[in-house]
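> Let me give you the structure first, and then I'll get to my questions.
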Amino acid sequence: MDKDDSQKITDEENITDNITENEQESEEEKTLLPRKRKIVKNVQLPIVFGIFLAALITAVVWSLFFNQNITGTWYYINNGQYTETFDSPTESSDEPDEIVHEYTQRVCYEFNDGGECIVTLGTMSVTGQYDLYSTDDSHMITAAVIYQSTPLLYGSYNYKVEGNAFTGKKLVISAAGSDEEITLEEGEGENPLTPYEDFKGDERLVGTWRDDDVGVDYTFTADGYFTRRSDDGLSIEHTYTVVDDGAIMTKYFGDSEQNYSYTYSFDDNNNLSINGEALTKVK
């Protein structure tokens with residue numbers, strides 16, 4: 001073998017060694033690269049979110065436009081009249097035998113979740129019960145709100161809720177078997193009571209006082225309001241003012257403005273008596 005052939009073999013061996021070394025380095029570099037992971041998309045999450053969103057939209061639309069729930073307070077204005085009768089002293093008297101008075105009265109129906117119904121006439125409220133049920137073609141209310149022997153909301157009534165949250169809702173009711181409807185607006189309406197312009201208070205009165213013998217609570221506020229609640233279910237909201245040492249004047253509304261006065265006093269222990277009846281402070 002000549003010198004050239006020997007050199008050629010040596011060069012080829014060197015080239016082979018270099019290739020082998022390069023392949024080994026390449027394999028080492030490959031092992032250092034992170035492995036590619038197959039990404040699996042979770043298609044359940046968008047589906048669940050879409051179902052939830054659709055249900056939410058449906059609930060909101062139903063609540064705004066189709067909800068027949070009557071829970072809350074509704075009112076209407078009753079325009080009526082009553083007759084005041086007089087006894088004429090003689091047949092020839094020029095005095096009238098009677099006078100017809102017209103009035104405008106706020107009437108509120110409040111329906112609570114627990115089946116309690118409160119009817120307010122002016123600022124006089126009576127508490128009773130109600131229930132709801134549905135037939136194939138209508139919604140019905142059965143109510144029993146009675147004060148002594150006077151029914152304020154009693155019997156079965158058809159009802160429907162009209163309008164929506166944007167235009168305002170109305171409650172339309174009619175007695176079963178009657179075509180006469182009453183339309184009530186949502187809310188309490190304008191309270192006819194206003195404080196006395198010359199209001200004078202007595203800080204000792206503020207709070208709630210109980211007359212156990214009669215079954216009545218008296219509540220006075222510092223800003224001139226007074227509520228009388230009796231155990232028979234009648235609650236009357238007034239405004240009041242102290243007119244003299246030991247006397248207060250009050251006003252409230254039934255079918256018109258009514259006025260009433262009370263006398264009051266405190267003993268040495270600041271216990272209150274109203275019209276001579278001793279009271280116990282409960283709040």
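Residue names in the structure tokens use chain letters A, B, ... in the order shown, residue numbers from 1 in each chain, and ligand numbers from 1 in the order shown.
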Within 9 Å of A:Met124, counting only C-alpha atoms, which residues show up once you throw out same-chain ones fewer than 5 positions away? Write them as a list in words, please.
Val119, Leu234, Ser235, Ile236, Glu237, Tyr252, Phe253 and Gly254 of chain A
> Tell me which protein, DNA and RNA residues are within 10 Å of A:Leu279, counting only C-alpha atoms, leaving out same-chain ones fewer than 5 positions away, and put them as a list in words.
Thr208, Trp209, Arg210, Asp211, Asp212, Asp213, Val216, Asp217, Tyr218, Phe266, Asn271, Leu272, Ser273 and Ile274 of chain A
> Name the residues in contact with stretch 178-195 of chain A at a cut-off of 9 Å, using only C-alpha atoms, excluding same-chain residues fewer than 3 positions from it; report them as a PyMOL selection string.
chain A and resi 72-77+105-110+122-123+168-175+198-199+223-225+237-241+251-253+257
> Next, the residues of the selection above should be written as a compact mmCIF listing (two decimals), in the first residue's frame with C-alpha atoms.

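Below you can see result.txt, which holds the result:
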# COMPACT_ATOMS: atom_id res chain seq x y z
CA GLY A 72 -95.42 43.59 46.62
CA THR A 73 -97.65 46.65 46.96
CA TRP A 74 -100.25 47.90 44.47
CA TYR A 75 -102.56 50.88 44.70
CA TYR A 76 -105.42 52.73 43.03
CA ILE A 77 -107.31 55.95 43.74
CA GLN A 105 -108.99 57.93 48.74
CA ARG A 106 -105.76 55.98 48.27
CA VAL A 107 -106.32 52.21 48.41
CA CYS A 108 -103.30 49.86 48.70
CA TYR A 109 -103.09 46.08 48.56
CA GLU A 110 -99.84 44.59 49.86
CA GLY A 122 -106.04 56.31 53.32
CA THR A 123 -103.65 55.65 56.22
CA GLY A 168 -94.57 49.91 34.51
CA LYS A 169 -96.66 47.02 35.81
CA LYS A 170 -100.37 46.98 36.58
CA LEU A 171 -102.44 44.49 38.56
CA VAL A 172 -105.94 43.99 37.17
CA ILE A 173 -108.43 42.22 39.43
CA SER A 174 -112.13 41.42 39.13
CA ALA A 175 -114.49 39.55 41.41
CA ASP A 198 -95.86 74.02 63.37
CA PHE A 199 -94.83 70.60 64.68
CA ASP A 223 -90.13 63.69 63.23
CA GLY A 224 -93.85 63.94 63.99
CA TYR A 225 -95.38 60.57 63.03
CA GLU A 237 -100.74 56.04 60.74
CA HIS A 238 -101.01 59.64 62.00
CA THR A 239 -98.99 62.78 62.24
CA TYR A 240 -99.01 64.58 65.58
CA THR A 241 -97.95 67.73 67.37
CA LYS A 251 -104.56 63.63 62.05
CA TYR A 252 -105.02 60.61 59.81
CA PHE A 253 -106.92 59.70 56.64
CA GLU A 257 -108.82 63.83 56.81
> For A:Ala247, which of A:Gln81, A:Met140, A:Thr219, A:Ser261 is the closest residue, counting only C-alpha atoms?
A:Ser261
